[in-house]
Amino acid sequence: MKKYLVTGSYGQIGQALIPAMLERYGKENVVATGRKRKIPLFKEHDVIYHRLDVRDQFGLRSLIVEYDIDIIIHNASVLSATGEKNPQLAHSINIEGFYNVLEATRELNLEQLFAPSSIAAFGPSTPLENTPNNTIMRPTTIYGVSKVYSELMGEYYNQKYELNFRSLRYPGVLSPDEPGGGTTDYAIWIFYEALKRKMYKCFLGPDVRLPMMLMSDCLKSTFDLLEADDSKLTDRSFNVTAMSFTPEELAAEIKKYIPDFNIVYEPDFRDKIARSWPQSLDDNEARKQWGWDPEFKFEKMVEVMIEGISQKLGIDQK
Ligand code: SER
């Protein structure tokens with residue numbers, strides 16, 4: 001069994017990924033890390049957790065050696081909205097942090113580095129409908145710039161040192177766990193507010209279409225690419241998607257469950273970010289090269305989110 005180290009392990013994705021990894025790979029083979037001292041969720045699941053700032057070269061290398069790590073899943077990242085508020089912090093964590101992890105992977109000769117990218121790696125000059133896997137990437141956020149940097153550096157190390165780098169351009173990822181600092185986060189908060197107050201003030205305009213997927217599909221794509229046969233990969237970074245919708249369409253679907261739900265629109269700086277991103281992605285390369293096939297479409301996603309968030313809030317939906 002391989003040994004995995006996960007950075008940024010208690011973010012929105014980590015909170016779902018870590019329990020799934022424990023089940024798939026065994027408790028003793030997963031080391032979760034992050035900047036916080038203690039994570040109650042991980043205590044519950046008896047996860048091996050260590051405090052680590054991804055910029056700390058010595059700390060990272062010590063953990064790799066101590067646990068004899070084979071594969072790093074590098075999830076630590078400052079997301080798009082937080083990044084625009086503090087570009088210097090985003091640069092430091094996303095770019096310097098990534099470089100540190102990449103170099104540790106090379107120097108210590110690890111088997112694989114998986115580092116997610118994002119739809120944010122694209123920008124306003126990209127063809128934004130059905131965006132191809134390989135196309136113009138000139139993002140206008142620091143988060144996007146850092147993702148292009150990691151994709152390119154990962155691909156460069158792959159060519160130069162045969163470092164086994166793999167990356168997925170996640171769209172907005174939807175789960176009942178609270179997200180932090182992203183632009184696609186509206187599509188989670190809308191459920192919380194609809195269930196709690198029957199009212200949501202949306203920070204994007206009604207017509208902003210973005211690609212999205214449910215967490216279970218995000219985990220599926222992650223495990224599928226992590227475990228894909230290297231000889232089948234002609235790319236190292238892949239578009240993945242399951243659906244696209246606008247706030248208006250999402251609100252209309254939620255109304256089917258909560259008829260008196262109301263949405264108002266007060267677009268802020270995140271509206272501009274969202275409009276610079278693809279509305280839909282072409283994920284054919286992922287389908288062809290490693291068999292990507294999402295499970296959840298729009299209507300089912302809404303059903304799953306209503307159920308999951310009602311449960312979290314202790315609301316009986318029936
Ligand atoms: N969900 C991210 C964000 O909104 C995009 O990768 O920042």
# chains A, B, ... in the order shown; residues from 1 in each chain; ligands from 1
>>> residues_near_ligand(ligand="ligand 1", cutoff="9 Å", atoms="only C-alpha atoms and all ligand atoms", output="PyMOL selection string")
chain A and resi 78-83+116-121+143-144+169-173+179-186+212+270+273-274
>>> residues_around(residues="region 88-102 of chain A", least_positions_apart="4", cutoff="7 Å", atoms="only C-alpha atoms", output="number ranges by chain")
A: 54-55, 57, 77-78, 83, 106, 142-143, 146, 150
>>> write_last_selection(atoms="N, CA, C and O atoms", output="PDB file, in the first residue's frame")
ATOM      1  N   VAL A  54       2.762  24.846   4.239  1.00  0.00           N
ATOM      2  CA  VAL A  54       3.400  24.290   3.029  1.00  0.00           C
ATOM      3  C   VAL A  54       4.675  25.040   2.626  1.00  0.00           C
ATOM      4  O   VAL A  54       5.448  24.551   1.812  1.00  0.00           O
ATOM      5  N   ARG A  55       4.866  26.231   3.217  1.00  0.00           N
ATOM      6  CA  ARG A  55       6.090  26.971   2.888  1.00  0.00           C
ATOM      7  C   ARG A  55       7.270  26.509   3.745  1.00  0.00           C
ATOM      8  O   ARG A  55       8.400  26.930   3.523  1.00  0.00           O
ATOM      9  N   GLN A  57       9.895  24.256   4.412  1.00  0.00           N
ATOM     10  CA  GLN A  57      10.628  23.189   3.719  1.00  0.00           C
ATOM     11  C   GLN A  57      11.054  22.074   4.652  1.00  0.00           C
ATOM     12  O   GLN A  57      10.949  20.897   4.326  1.00  0.00           O
ATOM     13  N   SER A  77      -4.335  25.903  -0.639  1.00  0.00           N
ATOM     14  CA  SER A  77      -4.408  27.007  -1.598  1.00  0.00           C
ATOM     15  C   SER A  77      -5.312  28.105  -1.056  1.00  0.00           C
ATOM     16  O   SER A  77      -6.325  27.821  -0.420  1.00  0.00           O
ATOM     17  N   VAL A  78      -4.933  29.352  -1.328  1.00  0.00           N
ATOM     18  CA  VAL A  78      -5.814  30.487  -1.043  1.00  0.00           C
ATOM     19  C   VAL A  78      -6.714  30.634  -2.273  1.00  0.00           C
ATOM     20  O   VAL A  78      -6.213  30.764  -3.385  1.00  0.00           O
ATOM     21  N   GLY A  83      -7.907  35.499  -2.348  1.00  0.00           N
ATOM     22  CA  GLY A  83      -6.690  35.888  -3.056  1.00  0.00           C
ATOM     23  C   GLY A  83      -6.743  37.331  -3.543  1.00  0.00           C
ATOM     24  O   GLY A  83      -5.753  38.069  -3.463  1.00  0.00           O
ATOM     25  N   ARG A 106      10.593  16.103  -5.987  1.00  0.00           N
ATOM     26  CA  ARG A 106      11.735  15.777  -6.860  1.00  0.00           C
ATOM     27  C   ARG A 106      12.930  15.284  -6.037  1.00  0.00           C
ATOM     28  O   ARG A 106      13.441  14.186  -6.285  1.00  0.00           O
ATOM     29  N   ILE A 142      -5.083  36.429  -9.043  1.00  0.00           N
ATOM     30  CA  ILE A 142      -3.819  35.871  -8.554  1.00  0.00           C
ATOM     31  C   ILE A 142      -3.964  34.359  -8.348  1.00  0.00           C
ATOM     32  O   ILE A 142      -3.027  33.591  -8.579  1.00  0.00           O
ATOM     33  N   TYR A 143      -5.155  33.952  -7.941  1.00  0.00           N
ATOM     34  CA  TYR A 143      -5.421  32.516  -7.769  1.00  0.00           C
ATOM     35  C   TYR A 143      -5.227  31.793  -9.110  1.00  0.00           C
ATOM     36  O   TYR A 143      -4.550  30.762  -9.191  1.00  0.00           O
ATOM     37  N   SER A 146      -1.637  31.615 -10.096  1.00  0.00           N
ATOM     38  CA  SER A 146      -0.908  30.593  -9.332  1.00  0.00           C
ATOM     39  C   SER A 146      -1.233  29.192  -9.846  1.00  0.00           C
ATOM     40  O   SER A 146      -0.380  28.306  -9.822  1.00  0.00           O
ATOM     41  N   SER A 150       1.373  26.477 -11.340  1.00  0.00           N
ATOM     42  CA  SER A 150       1.580  25.091 -10.874  1.00  0.00           C
ATOM     43  C   SER A 150       1.413  24.092 -12.007  1.00  0.00           C
ATOM     44  O   SER A 150       2.160  23.117 -12.078  1.00  0.00           O
TER      45      SER A 150
END
>>> atom_distance(atom1="CA of Phe191 (chain A)", atom2="CA of Leu214 (chain A)")
13.6 Å
>>> closest_residue(among="A:Leu219, A:Val145, A:Leu226, A:Ile254", to="Ile188 (chain A)", atoms="only C-alpha atoms")
A:Ile254
>>> residues_around(residues="Ile48 (chain A)", least_positions_apart="3", cutoff="10 Å", atoms="only C-alpha atoms", output="count of residues only")
11
>>> residues_around(residues="Ile73 (chain A)", least_positions_apart="2", cutoff="7 Å", atoms="only C-alpha atoms", output="number ranges by chain")
A: 5-7, 71, 75, 113-115
>>> select_by_dssp(residues="region 200-306 of chain A", states="alpha helix (DSSP H)", output="PDB file with N, CA and C atoms, in the first residue's frame")
ATOM      1  N   MET A 215     -19.415  16.938  -4.720  1.00  0.00           N
ATOM      2  CA  MET A 215     -18.203  16.432  -4.079  1.00  0.00           C
ATOM      3  C   MET A 215     -17.933  14.972  -4.432  1.00  0.00           C
ATOM      4  N   SER A 216     -18.982  14.147  -4.491  1.00  0.00           N
ATOM      5  CA  SER A 216     -18.710  12.724  -4.759  1.00  0.00           C
ATOM      6  C   SER A 216     -18.074  12.558  -6.140  1.00  0.00           C
ATOM      7  N   ASP A 217     -18.469  13.391  -7.098  1.00  0.00           N
ATOM      8  CA  ASP A 217     -17.805  13.336  -8.412  1.00  0.00           C
ATOM      9  C   ASP A 217     -16.391  13.912  -8.343  1.00  0.00           C
ATOM     10  N   CYS A 218     -16.195  14.915  -7.506  1.00  0.00           N
ATOM     11  CA  CYS A 218     -14.848  15.471  -7.339  1.00  0.00           C
ATOM     12  C   CYS A 218     -13.911  14.389  -6.790  1.00  0.00           C
ATOM     13  N   LEU A 219     -14.393  13.633  -5.801  1.00  0.00           N
ATOM     14  CA  LEU A 219     -13.560  12.571  -5.217  1.00  0.00           C
ATOM     15  C   LEU A 219     -13.319  11.469  -6.240  1.00  0.00           C
ATOM     16  N   LYS A 220     -14.375  11.163  -6.997  1.00  0.00           N
ATOM     17  CA  LYS A 220     -14.242  10.119  -8.025  1.00  0.00           C
ATOM     18  C   LYS A 220     -13.165  10.516  -9.035  1.00  0.00           C
ATOM     19  N   SER A 221     -13.231  11.766  -9.508  1.00  0.00           N
ATOM     20  CA  SER A 221     -12.240  12.212 -10.503  1.00  0.00           C
ATOM     21  C   SER A 221     -10.837  12.186  -9.896  1.00  0.00           C
ATOM     22  N   THR A 222     -10.730  12.548  -8.631  1.00  0.00           N
ATOM     23  CA  THR A 222      -9.421  12.582  -7.966  1.00  0.00           C
ATOM     24  C   THR A 222      -8.831  11.175  -7.865  1.00  0.00           C
ATOM     25  N   PHE A 223      -9.614  10.238  -7.374  1.00  0.00           N
ATOM     26  CA  PHE A 223      -9.106   8.863  -7.246  1.00  0.00           C
ATOM     27  C   PHE A 223      -8.819   8.271  -8.626  1.00  0.00           C
ATOM     28  N   ASP A 224      -9.700   8.546  -9.590  1.00  0.00           N
ATOM     29  CA  ASP A 224      -9.493   7.980 -10.928  1.00  0.00           C
ATOM     30  C   ASP A 224      -8.184   8.477 -11.539  1.00  0.00           C
ATOM     31  N   LEU A 225      -7.906   9.774 -11.403  1.00  0.00           N
ATOM     32  CA  LEU A 225      -6.663  10.275 -12.011  1.00  0.00           C
ATOM     33  C   LEU A 225      -5.441   9.844 -11.194  1.00  0.00           C
ATOM     34  N   LEU A 226      -5.567   9.874  -9.866  1.00  0.00           N
ATOM     35  CA  LEU A 226      -4.445   9.423  -9.011  1.00  0.00           C
ATOM     36  C   LEU A 226      -3.990   8.018  -9.403  1.00  0.00           C
ATOM     37  N   PRO A 247     -27.059  31.249 -11.289  1.00  0.00           N
ATOM     38  CA  PRO A 247     -27.771  31.437 -10.018  1.00  0.00           C
ATOM     39  C   PRO A 247     -29.297  31.413 -10.213  1.00  0.00           C
ATOM     40  N   GLU A 248     -29.764  31.999 -11.309  1.00  0.00           N
ATOM     41  CA  GLU A 248     -31.198  32.035 -11.564  1.00  0.00           C
ATOM     42  C   GLU A 248     -31.759  30.621 -11.745  1.00  0.00           C
ATOM     43  N   GLU A 249     -31.052  29.807 -12.499  1.00  0.00           N
ATOM     44  CA  GLU A 249     -31.508  28.426 -12.714  1.00  0.00           C
ATOM     45  C   GLU A 249     -31.468  27.623 -11.417  1.00  0.00           C
ATOM     46  N   LEU A 250     -30.424  27.873 -10.611  1.00  0.00           N
ATOM     47  CA  LEU A 250     -30.304  27.145  -9.348  1.00  0.00           C
ATOM     48  C   LEU A 250     -31.438  27.547  -8.404  1.00  0.00           C
ATOM     49  N   ALA A 251     -31.714  28.854  -8.343  1.00  0.00           N
ATOM     50  CA  ALA A 251     -32.793  29.338  -7.470  1.00  0.00           C
ATOM     51  C   ALA A 251     -34.129  28.716  -7.890  1.00  0.00           C
ATOM     52  N   ALA A 252     -34.379  28.612  -9.186  1.00  0.00           N
ATOM     53  CA  ALA A 252     -35.650  28.050  -9.677  1.00  0.00           C
ATOM     54  C   ALA A 252     -35.770  26.578  -9.264  1.00  0.00           C
ATOM     55  N   GLU A 253     -34.674  25.854  -9.298  1.00  0.00           N
ATOM     56  CA  GLU A 253     -34.707  24.432  -8.918  1.00  0.00           C
ATOM     57  C   GLU A 253     -34.929  24.303  -7.397  1.00  0.00           C
ATOM     58  N   ILE A 254     -34.304  25.195  -6.628  1.00  0.00           N
ATOM     59  CA  ILE A 254     -34.474  25.152  -5.169  1.00  0.00           C
ATOM     60  C   ILE A 254     -35.933  25.454  -4.783  1.00  0.00           C
ATOM     61  N   LYS A 255     -36.559  26.337  -5.564  1.00  0.00           N
ATOM     62  CA  LYS A 255     -37.974  26.689  -5.311  1.00  0.00           C
ATOM     63  C   LYS A 255     -38.900  25.477  -5.405  1.00  0.00           C
ATOM     64  N   PHE A 269     -17.371  42.180  -6.318  1.00  0.00           N
ATOM     65  CA  PHE A 269     -16.169  41.932  -7.109  1.00  0.00           C
ATOM     66  C   PHE A 269     -16.082  40.487  -7.621  1.00  0.00           C
ATOM     67  N   ARG A 270     -16.790  39.571  -6.941  1.00  0.00           N
ATOM     68  CA  ARG A 270     -16.736  38.171  -7.352  1.00  0.00           C
ATOM     69  C   ARG A 270     -17.485  37.924  -8.662  1.00  0.00           C
ATOM     70  N   ASP A 271     -18.450  38.808  -8.974  1.00  0.00           N
ATOM     71  CA  ASP A 271     -19.178  38.687 -10.240  1.00  0.00           C
ATOM     72  C   ASP A 271     -18.210  38.830 -11.416  1.00  0.00           C
ATOM     73  N   LYS A 272     -17.290  39.769 -11.280  1.00  0.00           N
ATOM     74  CA  LYS A 272     -16.308  40.003 -12.344  1.00  0.00           C
ATOM     75  C   LYS A 272     -15.369  38.792 -12.482  1.00  0.00           C
ATOM     76  N   ILE A 273     -14.965  38.259 -11.348  1.00  0.00           N
ATOM     77  CA  ILE A 273     -14.107  37.063 -11.378  1.00  0.00           C
ATOM     78  C   ILE A 273     -14.840  35.948 -12.127  1.00  0.00           C
ATOM     79  N   ALA A 274     -16.090  35.704 -11.730  1.00  0.00           N
ATOM     80  CA  ALA A 274     -16.853  34.593 -12.313  1.00  0.00           C
ATOM     81  C   ALA A 274     -17.026  34.772 -13.816  1.00  0.00           C
ATOM     82  N   ARG A 275     -17.218  36.020 -14.241  1.00  0.00           N
ATOM     83  CA  ARG A 275     -17.436  36.258 -15.672  1.00  0.00           C
ATOM     84  C   ARG A 275     -16.166  36.066 -16.495  1.00  0.00           C
ATOM     85  N   ASN A 284     -13.439  16.095 -22.623  1.00  0.00           N
ATOM     86  CA  ASN A 284     -13.226  14.873 -23.415  1.00  0.00           C
ATOM     87  C   ASN A 284     -11.863  14.239 -23.232  1.00  0.00           C
ATOM     88  N   GLU A 285     -10.842  15.048 -22.983  1.00  0.00           N
ATOM     89  CA  GLU A 285      -9.508  14.447 -22.792  1.00  0.00           C
ATOM     90  C   GLU A 285      -9.508  13.567 -21.548  1.00  0.00           C
ATOM     91  N   ALA A 286     -10.146  14.044 -20.479  1.00  0.00           N
ATOM     92  CA  ALA A 286     -10.237  13.239 -19.246  1.00  0.00           C
ATOM     93  C   ALA A 286     -11.023  11.954 -19.526  1.00  0.00           C
ATOM     94  N   ARG A 287     -12.079  12.087 -20.309  1.00  0.00           N
ATOM     95  CA  ARG A 287     -12.900  10.904 -20.633  1.00  0.00           C
ATOM     96  C   ARG A 287     -12.090   9.897 -21.444  1.00  0.00           C
ATOM     97  N   LYS A 288     -11.346  10.433 -22.412  1.00  0.00           N
ATOM     98  CA  LYS A 288     -10.581   9.532 -23.305  1.00  0.00           C
ATOM     99  C   LYS A 288      -9.376   8.922 -22.604  1.00  0.00           C
ATOM    100  N   GLN A 289      -8.615   9.761 -21.876  1.00  0.00           N
ATOM    101  CA  GLN A 289      -7.316   9.292 -21.371  1.00  0.00           C
ATOM    102  C   GLN A 289      -7.423   8.455 -20.096  1.00  0.00           C
ATOM    103  N   TRP A 290      -8.432   8.731 -19.253  1.00  0.00           N
ATOM    104  CA  TRP A 290      -8.518   7.912 -18.034  1.00  0.00           C
ATOM    105  C   TRP A 290      -9.953   7.595 -17.603  1.00  0.00           C
ATOM    106  N   PHE A 298     -27.548  18.096 -12.700  1.00  0.00           N
ATOM    107  CA  PHE A 298     -28.108  19.246 -11.981  1.00  0.00           C
ATOM    108  C   PHE A 298     -29.238  18.893 -10.986  1.00  0.00           C
ATOM    109  N   GLU A 299     -30.319  18.261 -11.471  1.00  0.00           N
ATOM    110  CA  GLU A 299     -31.482  18.039 -10.588  1.00  0.00           C
ATOM    111  C   GLU A 299     -31.112  17.162  -9.398  1.00  0.00           C
ATOM    112  N   LYS A 300     -30.359  16.126  -9.668  1.00  0.00           N
ATOM    113  CA  LYS A 300     -29.967  15.196  -8.598  1.00  0.00           C
ATOM    114  C   LYS A 300     -29.053  15.910  -7.591  1.00  0.00           C
ATOM    115  N   MET A 301     -28.169  16.764  -8.122  1.00  0.00           N
ATOM    116  CA  MET A 301     -27.259  17.526  -7.253  1.00  0.00           C
ATOM    117  C   MET A 301     -28.077  18.363  -6.253  1.00  0.00           C
ATOM    118  N   VAL A 302     -29.128  19.038  -6.774  1.00  0.00           N
ATOM    119  CA  VAL A 302     -29.947  19.886  -5.889  1.00  0.00           C
ATOM    120  C   VAL A 302     -30.603  19.020  -4.814  1.00  0.00           C
ATOM    121  N   GLU A 303     -31.106  17.872  -5.201  1.00  0.00           N
ATOM    122  CA  GLU A 303     -31.731  16.963  -4.240  1.00  0.00           C
ATOM    123  C   GLU A 303     -30.722  16.562  -3.145  1.00  0.00           C
ATOM    124  N   VAL A 304     -29.529  16.184  -3.578  1.00  0.00           N
ATOM    125  CA  VAL A 304     -28.496  15.739  -2.625  1.00  0.00           C
ATOM    126  C   VAL A 304     -28.080  16.881  -1.693  1.00  0.00           C
ATOM    127  N   MET A 305     -27.954  18.084  -2.232  1.00  0.00           N
ATOM    128  CA  MET A 305     -27.535  19.234  -1.410  1.00  0.00           C
ATOM    129  C   MET A 305     -28.622  19.595  -0.397  1.00  0.00           C
ATOM    130  N   ILE A 306     -29.885  19.600  -0.828  1.00  0.00           N
ATOM    131  CA  ILE A 306     -30.990  19.921   0.096  1.00  0.00           C
ATOM    132  C   ILE A 306     -30.985  18.910   1.244  1.00  0.00           C
TER     133      ILE A 306
END
